[in-house]
Each structure stands twice: as structure tokens, then as C-alpha cells.
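Beneath this line is the structure, given in C-alpha cells, with notes to follow.
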Amino acid sequence: YGIIRDVMQNHLMQIFALIAMEPPVSLSSEDVRDEKVKVLRAVSEIKPEHVITGQYVRDKSGKNEGYKDDKGVPRHSVTPTFAQAILYINNNRWEGVPFILKTAKAVEERKAEIRIQFR
């Protein structure tokens, strides 16, 4: 699952939980963890139409190689190097607000982001 396990599941979900959680009773690691767990449990099931994955390919000029051009990558690999997911939280504060988590490898600008669209 490539970038999903590498970046989204670990890094972006941690940031997402910190942004969306309710203020903890204290800043102790246990209280922060408890609030992160609460918000993660309130995330709606992710619908397939809210997920996009992809894999970078060789550019038209041939200057930049594609993922499968790497010698260590199997020719038939479907490992994603791009992923986007839209999450919704079932609670009063975030009801109906999409959280857009997006990350990619081998792009001109290296970044991982969470975009919140307030209504």
C-alpha cells in the first residue's frame, strides 16, 4: 500500500487527529491520546468514491523516471505513490466538514497536507 502506509496512515492521521480532537483535560500524553482516539473513532467509514490513488510514471521527455523504472520495483507493481482521502467526523463540531488528506512522492514540491474546507 506504499504511500498510504508510509505517510497517510502514520503522519497525516496523527496530524488529522491533533487538528480535529477536542481540547484535552491536560497536556499529558494519556489525555492527548484519549482525545485523539475519540476523534478517530468518530470518523465515518471512508467511501470508495472519496479515495484516489495513483502511481507516478516517466514524463514525456524521459528526463524523470517512473516508479516502475526503479530496478527494485516489480514491473507489474500497483503500489500507490499518490493518495487522497476525504474523511468526515460524526460529531457536532465537524459534522459535514470534509477533511482532505493528500500526499504524493516524486512530485516537484515535496509536501503532505491536510486541507479542511469550512462551510
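Residue numbers start at 1 in each chain; chains themselves are named A, B, ... in the order of the C-alpha cells; ligands are numbered from 1 in the order shown.
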Nearby residues (only C-alpha atoms) at most 10 Å from A:Glu35, same-chain spacing under 6 positions excluded, as a PDB file with C-alpha atoms, in the first residue's frame:
```
ATOM      1  CA  ALA A  17      -6.303  13.674  14.939  1.00  0.00           C
ATOM      2  CA  LEU A  18      -4.475  16.583  16.600  1.00  0.00           C
ATOM      3  CA  ALA A  20      -9.799  17.574  14.942  1.00  0.00           C
ATOM      4  CA  MET A  21      -9.670  16.433  18.574  1.00  0.00           C
ATOM      5  CA  GLU A  22     -11.412  18.258  21.382  1.00  0.00           C
ATOM      6  CA  PRO A  23      -9.136  20.069  23.826  1.00  0.00           C
ATOM      7  CA  PRO A  24      -7.703  17.511  26.260  1.00  0.00           C
ATOM      8  CA  VAL A  25      -8.216  17.829  30.020  1.00  0.00           C
ATOM      9  CA  ARG A  41     -13.459   6.521  16.419  1.00  0.00           C
TER      10      ARG A  41
END
```
Query raised in the report: Could you pull the residues within 12 Å of stretch 3-13 of chain A, counting only C-alpha atoms, minus those fewer than 4 positions along the same chain, as a ChimeraX atom specification?
Result: /A:17-21,36-37,39-40,43,51-56,78-87,99-106,111-115
Residue selection dump (N, CA, C and O atoms) as a compact mmCIF listing (two decimals), in the first residue's frame:
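Writing the result to part.txt gives the following:
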```txt
# COMPACT_ATOMS: atom_id res chain seq x y z
N ALA A 17 -5.73 13.88 13.61
CA ALA A 17 -6.30 13.67 14.94
C ALA A 17 -6.01 14.87 15.85
O ALA A 17 -6.88 15.30 16.62
N LEU A 18 -4.81 15.42 15.77
CA LEU A 18 -4.48 16.58 16.60
C LEU A 18 -5.31 17.80 16.23
O LEU A 18 -5.74 18.56 17.10
N ILE A 19 -5.56 17.99 14.94
CA ILE A 19 -6.37 19.13 14.49
C ILE A 19 -7.82 18.97 14.92
O ILE A 19 -8.45 19.93 15.38
N ALA A 20 -8.36 17.78 14.76
CA ALA A 20 -9.80 17.57 14.94
C ALA A 20 -10.23 17.24 16.37
O ALA A 20 -11.40 17.34 16.70
N MET A 21 -9.28 16.87 17.22
CA MET A 21 -9.67 16.43 18.57
C MET A 21 -10.20 17.60 19.40
O MET A 21 -9.91 18.77 19.12
N LYS A 36 -7.45 11.98 20.87
CA LYS A 36 -7.18 11.55 19.50
C LYS A 36 -7.96 10.28 19.19
O LYS A 36 -8.55 10.15 18.11
N VAL A 37 -8.01 9.36 20.13
CA VAL A 37 -8.76 8.12 19.92
C VAL A 37 -10.25 8.42 19.74
O VAL A 37 -10.90 7.84 18.86
N VAL A 39 -11.68 11.09 18.49
CA VAL A 39 -11.96 11.63 17.16
C VAL A 39 -11.76 10.58 16.08
O VAL A 39 -12.54 10.51 15.12
N LEU A 40 -10.77 9.72 16.22
CA LEU A 40 -10.57 8.68 15.22
C LEU A 40 -11.73 7.69 15.21
O LEU A 40 -12.13 7.20 14.14
N VAL A 43 -14.72 8.98 13.07
CA VAL A 43 -14.59 9.12 11.61
C VAL A 43 -15.56 8.15 10.94
O VAL A 43 -15.62 6.96 11.27
N VAL A 51 -11.77 8.25 -2.26
CA VAL A 51 -10.35 7.86 -2.24
C VAL A 51 -9.82 7.86 -3.68
O VAL A 51 -10.47 7.35 -4.59
N ILE A 52 -8.65 8.45 -3.85
CA ILE A 52 -7.95 8.43 -5.13
C ILE A 52 -6.53 7.95 -4.87
O ILE A 52 -5.88 8.42 -3.93
N THR A 53 -6.07 6.99 -5.66
CA THR A 53 -4.67 6.57 -5.58
C THR A 53 -4.08 6.59 -6.99
O THR A 53 -4.82 6.53 -7.98
N GLY A 54 -2.78 6.72 -7.04
CA GLY A 54 -2.11 6.73 -8.34
C GLY A 54 -0.65 6.39 -8.18
O GLY A 54 -0.14 6.20 -7.07
N GLN A 55 0.02 6.33 -9.31
CA GLN A 55 1.45 6.00 -9.31
C GLN A 55 2.11 6.88 -10.37
O GLN A 55 1.61 7.00 -11.49
N TYR A 56 3.24 7.48 -10.01
CA TYR A 56 3.91 8.35 -10.98
C TYR A 56 4.57 7.53 -12.08
O TYR A 56 5.00 6.40 -11.87
N VAL A 78 1.48 -2.23 -8.46
CA VAL A 78 0.37 -1.27 -8.39
C VAL A 78 0.45 -0.45 -7.09
O VAL A 78 -0.52 0.16 -6.68
N THR A 79 1.64 -0.44 -6.48
CA THR A 79 1.85 0.29 -5.24
C THR A 79 1.61 1.77 -5.47
O THR A 79 2.23 2.38 -6.35
N PRO A 80 0.70 2.40 -4.70
CA PRO A 80 0.42 3.82 -4.90
C PRO A 80 1.57 4.71 -4.43
O PRO A 80 2.18 4.47 -3.40
N THR A 81 1.83 5.74 -5.23
CA THR A 81 2.78 6.79 -4.85
C THR A 81 2.04 8.12 -4.67
O THR A 81 2.65 9.13 -4.37
N PHE A 82 0.73 8.11 -4.86
CA PHE A 82 -0.14 9.26 -4.62
C PHE A 82 -1.39 8.73 -3.95
O PHE A 82 -1.92 7.69 -4.34
N ALA A 83 -1.87 9.46 -2.95
CA ALA A 83 -3.13 9.07 -2.30
C ALA A 83 -3.85 10.31 -1.79
O ALA A 83 -3.23 11.25 -1.30
N GLN A 84 -5.16 10.28 -1.94
CA GLN A 84 -6.02 11.31 -1.38
C GLN A 84 -7.24 10.63 -0.79
O GLN A 84 -7.78 9.70 -1.38
N ALA A 85 -7.64 11.08 0.37
CA ALA A 85 -8.85 10.55 1.01
C ALA A 85 -9.60 11.70 1.64
O ALA A 85 -9.00 12.64 2.17
N ILE A 86 -10.91 11.63 1.58
CA ILE A 86 -11.76 12.62 2.22
C ILE A 86 -12.41 11.95 3.42
O ILE A 86 -13.07 10.91 3.28
N LEU A 87 -12.18 12.53 4.59
CA LEU A 87 -12.72 11.99 5.83
C LEU A 87 -13.79 12.92 6.39
O LEU A 87 -13.68 14.14 6.26
N PHE A 99 -12.47 16.63 5.53
CA PHE A 99 -11.03 16.72 5.77
C PHE A 99 -10.38 16.01 4.60
O PHE A 99 -10.58 14.81 4.41
N ILE A 100 -9.59 16.72 3.83
CA ILE A 100 -8.97 16.16 2.64
C ILE A 100 -7.50 15.90 2.94
O ILE A 100 -6.73 16.83 3.15
N LEU A 101 -7.14 14.63 3.01
CA LEU A 101 -5.76 14.22 3.27
C LEU A 101 -5.15 13.82 1.94
O LEU A 101 -5.72 13.01 1.20
N LYS A 102 -3.99 14.41 1.62
CA LYS A 102 -3.37 14.16 0.32
C LYS A 102 -1.87 14.09 0.49
O LYS A 102 -1.28 14.89 1.21
N THR A 103 -1.25 13.14 -0.18
CA THR A 103 0.21 13.03 -0.16
C THR A 103 0.69 12.37 -1.44
O THR A 103 -0.05 11.62 -2.08
N ALA A 104 1.93 12.70 -1.83
CA ALA A 104 2.49 12.16 -3.06
C ALA A 104 4.01 12.09 -2.96
O ALA A 104 4.62 12.88 -2.25
N LYS A 105 4.57 11.15 -3.69
CA LYS A 105 6.03 11.03 -3.83
C LYS A 105 6.42 11.41 -5.24
O LYS A 105 5.63 11.28 -6.16
N ALA A 106 7.66 11.87 -5.40
CA ALA A 106 8.23 12.20 -6.70
C ALA A 106 7.44 13.29 -7.42
O ALA A 106 7.14 13.18 -8.61
N LYS A 111 5.53 17.64 -0.27
CA LYS A 111 4.68 18.05 0.84
C LYS A 111 3.64 16.98 1.11
O LYS A 111 3.35 16.15 0.26
N ALA A 112 3.13 17.02 2.29
CA ALA A 112 1.97 16.24 2.68
C ALA A 112 1.04 17.26 3.30
O ALA A 112 1.48 18.14 4.03
N GLU A 113 -0.24 17.17 3.01
CA GLU A 113 -1.12 18.21 3.51
C GLU A 113 -2.46 17.65 3.96
O GLU A 113 -2.88 16.59 3.52
N ILE A 114 -3.07 18.42 4.83
CA ILE A 114 -4.46 18.19 5.22
C ILE A 114 -5.18 19.49 4.92
O ILE A 114 -4.77 20.55 5.35
N ARG A 115 -6.22 19.40 4.15
CA ARG A 115 -7.00 20.60 3.80
C ARG A 115 -8.38 20.46 4.41
O ARG A 115 -9.05 19.45 4.24
```
Query raised in the report: Excluding same-chain residues fewer than 4 positions from stretch 70-72 of chain A, what lies within 12 Å of it counting only C-alpha atoms, as a PyMOL selection string?
Result: chain A and resi 56-58+64-66+76-77
If you keep N, CA, C and O atoms, can you produce a file of those selected residues as an mmCIF file, in the first residue's frame?
```
data_model
loop_
_atom_site.group_PDB
_atom_site.id
_atom_site.type_symbol
_atom_site.label_atom_id
_atom_site.label_comp_id
_atom_site.auth_asym_id
_atom_site.auth_seq_id
_atom_site.Cartn_x
_atom_site.Cartn_y
_atom_site.Cartn_z
ATOM 1 N N TYR A 56 3.243 7.480 -10.009
ATOM 2 C CA TYR A 56 3.910 8.349 -10.979
ATOM 3 C C TYR A 56 4.570 7.528 -12.077
ATOM 4 O O TYR A 56 5.003 6.403 -11.871
ATOM 5 N N VAL A 57 4.577 8.097 -13.254
ATOM 6 C CA VAL A 57 5.145 7.436 -14.430
ATOM 7 C C VAL A 57 6.236 8.325 -15.033
ATOM 8 O O VAL A 57 6.376 9.488 -14.680
ATOM 9 N N ARG A 58 6.987 7.766 -15.963
ATOM 10 C CA ARG A 58 8.038 8.515 -16.659
ATOM 11 C C ARG A 58 7.395 9.699 -17.387
ATOM 12 O O ARG A 58 6.339 9.548 -18.005
ATOM 13 N N ASN A 64 12.574 12.356 -16.286
ATOM 14 C CA ASN A 64 12.252 11.826 -14.953
ATOM 15 C C ASN A 64 11.644 10.435 -15.093
ATOM 16 O O ASN A 64 10.661 10.252 -15.810
ATOM 17 N N GLU A 65 12.237 9.489 -14.399
ATOM 18 C CA GLU A 65 11.763 8.105 -14.475
ATOM 19 C C GLU A 65 10.459 7.913 -13.724
ATOM 20 O O GLU A 65 10.129 8.666 -12.818
ATOM 21 N N GLY A 66 9.746 6.868 -14.091
ATOM 22 C CA GLY A 66 8.547 6.480 -13.390
ATOM 23 C C GLY A 66 8.884 5.539 -12.240
ATOM 24 O O GLY A 66 10.009 5.035 -12.130
ATOM 25 N N HIS A 76 5.051 -5.056 -12.627
ATOM 26 C CA HIS A 76 3.586 -5.063 -12.539
ATOM 27 C C HIS A 76 3.083 -4.461 -11.218
ATOM 28 O O HIS A 76 1.932 -4.676 -10.845
ATOM 29 N N SER A 77 3.936 -3.709 -10.549
ATOM 30 C CA SER A 77 3.563 -3.127 -9.263
ATOM 31 C C SER A 77 2.379 -2.164 -9.410
ATOM 32 O O SER A 77 2.293 -1.404 -10.376
#
```
Requested in this report: May I have all residues of chain A that DSSP, computed from the backbone, assigns to strand (DSSP E or B), given as JSON, numbers by chain?
Outcome: {"A": [43, 51, 52, 53, 54, 82, 83, 84, 85, 86, 87, 89, 99, 100, 101, 102, 103, 104, 112, 113, 114, 115, 116]}
Include N, CA and C atoms and write out the residues we just selected as a tab-separated table (two decimals), in the first residue's frame.
```tsv
chain	number	residue	atom	x	y	z
A	43	VAL	N	-14.72	8.98	13.07
A	43	VAL	CA	-14.59	9.12	11.61
A	43	VAL	C	-15.56	8.15	10.94
A	51	VAL	N	-11.77	8.25	-2.26
A	51	VAL	CA	-10.35	7.86	-2.24
A	51	VAL	C	-9.82	7.86	-3.68
A	52	ILE	N	-8.65	8.45	-3.85
A	52	ILE	CA	-7.95	8.43	-5.13
A	52	ILE	C	-6.53	7.95	-4.87
A	53	THR	N	-6.07	6.99	-5.66
A	53	THR	CA	-4.67	6.57	-5.58
A	53	THR	C	-4.08	6.59	-6.99
A	54	GLY	N	-2.78	6.72	-7.04
A	54	GLY	CA	-2.11	6.73	-8.34
A	54	GLY	C	-0.65	6.39	-8.18
A	82	PHE	N	0.73	8.11	-4.86
A	82	PHE	CA	-0.14	9.26	-4.62
A	82	PHE	C	-1.39	8.73	-3.95
A	83	ALA	N	-1.87	9.46	-2.95
A	83	ALA	CA	-3.13	9.07	-2.30
A	83	ALA	C	-3.85	10.31	-1.79
A	84	GLN	N	-5.16	10.28	-1.94
A	84	GLN	CA	-6.02	11.31	-1.38
A	84	GLN	C	-7.24	10.63	-0.79
A	85	ALA	N	-7.64	11.08	0.37
A	85	ALA	CA	-8.85	10.55	1.01
A	85	ALA	C	-9.60	11.70	1.64
A	86	ILE	N	-10.91	11.63	1.58
A	86	ILE	CA	-11.76	12.62	2.22
A	86	ILE	C	-12.41	11.95	3.42
A	87	LEU	N	-12.18	12.53	4.59
A	87	LEU	CA	-12.72	11.99	5.83
A	87	LEU	C	-13.79	12.92	6.39
A	89	ILE	N	-16.12	13.45	10.09
A	89	ILE	CA	-16.20	13.10	11.50
A	89	ILE	C	-17.64	13.24	11.97
A	99	PHE	N	-12.47	16.63	5.53
A	99	PHE	CA	-11.03	16.72	5.77
A	99	PHE	C	-10.38	16.01	4.60
A	100	ILE	N	-9.59	16.72	3.83
A	100	ILE	CA	-8.97	16.16	2.64
A	100	ILE	C	-7.50	15.90	2.94
A	101	LEU	N	-7.14	14.63	3.01
A	101	LEU	CA	-5.76	14.22	3.27
A	101	LEU	C	-5.15	13.82	1.94
A	102	LYS	N	-3.99	14.41	1.62
A	102	LYS	CA	-3.37	14.16	0.32
A	102	LYS	C	-1.87	14.09	0.49
A	103	THR	N	-1.25	13.14	-0.18
A	103	THR	CA	0.21	13.03	-0.16
A	103	THR	C	0.69	12.37	-1.44
A	104	ALA	N	1.93	12.70	-1.83
A	104	ALA	CA	2.49	12.16	-3.06
A	104	ALA	C	4.01	12.09	-2.96
A	112	ALA	N	3.13	17.02	2.29
A	112	ALA	CA	1.97	16.24	2.68
A	112	ALA	C	1.04	17.26	3.30
A	113	GLU	N	-0.24	17.17	3.01
A	113	GLU	CA	-1.12	18.21	3.51
A	113	GLU	C	-2.46	17.65	3.96
A	114	ILE	N	-3.07	18.42	4.83
A	114	ILE	CA	-4.46	18.19	5.22
A	114	ILE	C	-5.18	19.49	4.92
A	115	ARG	N	-6.22	19.40	4.15
A	115	ARG	CA	-7.00	20.60	3.80
A	115	ARG	C	-8.38	20.46	4.41
A	116	ILE	N	-8.79	21.47	5.15
A	116	ILE	CA	-10.11	21.49	5.78
A	116	ILE	C	-10.95	22.53	5.05
```
**Report entry** Separation of atom CA of A:Val32 from atom CA of A:Glu95 in Å
**Finding:** 21.5 Å
Query - From A:Gly2, A:Trp94, A:Tyr88, A:Glu109, residue lying nearest A:His50 [only C-alpha atoms] - result: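 When distances to A:His50 are compared using only C-alpha atoms, the smallest one comes from A:Tyr88.
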**Report entry** Atom pair atom CA of A:Glu45 / atom CA of A:Gln117: separation (Å)
**Finding:** 18.9 Å
Requested in this report: Please report, as a ChimeraX atom specification, each residue of chain A to which DSSP assigns helix (DSSP H, G or I) when run on this structure's backbone.
Outcome: /A:2-20,29-41,48-50,67-69
Query raised in the report: How many Å separate atom CA of A:Gly62 from atom CA of A:Arg75?
Result: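 If I compute the distance from atom CA of A:Gly62 to atom CA of A:Arg75, I get 17.3 Å.
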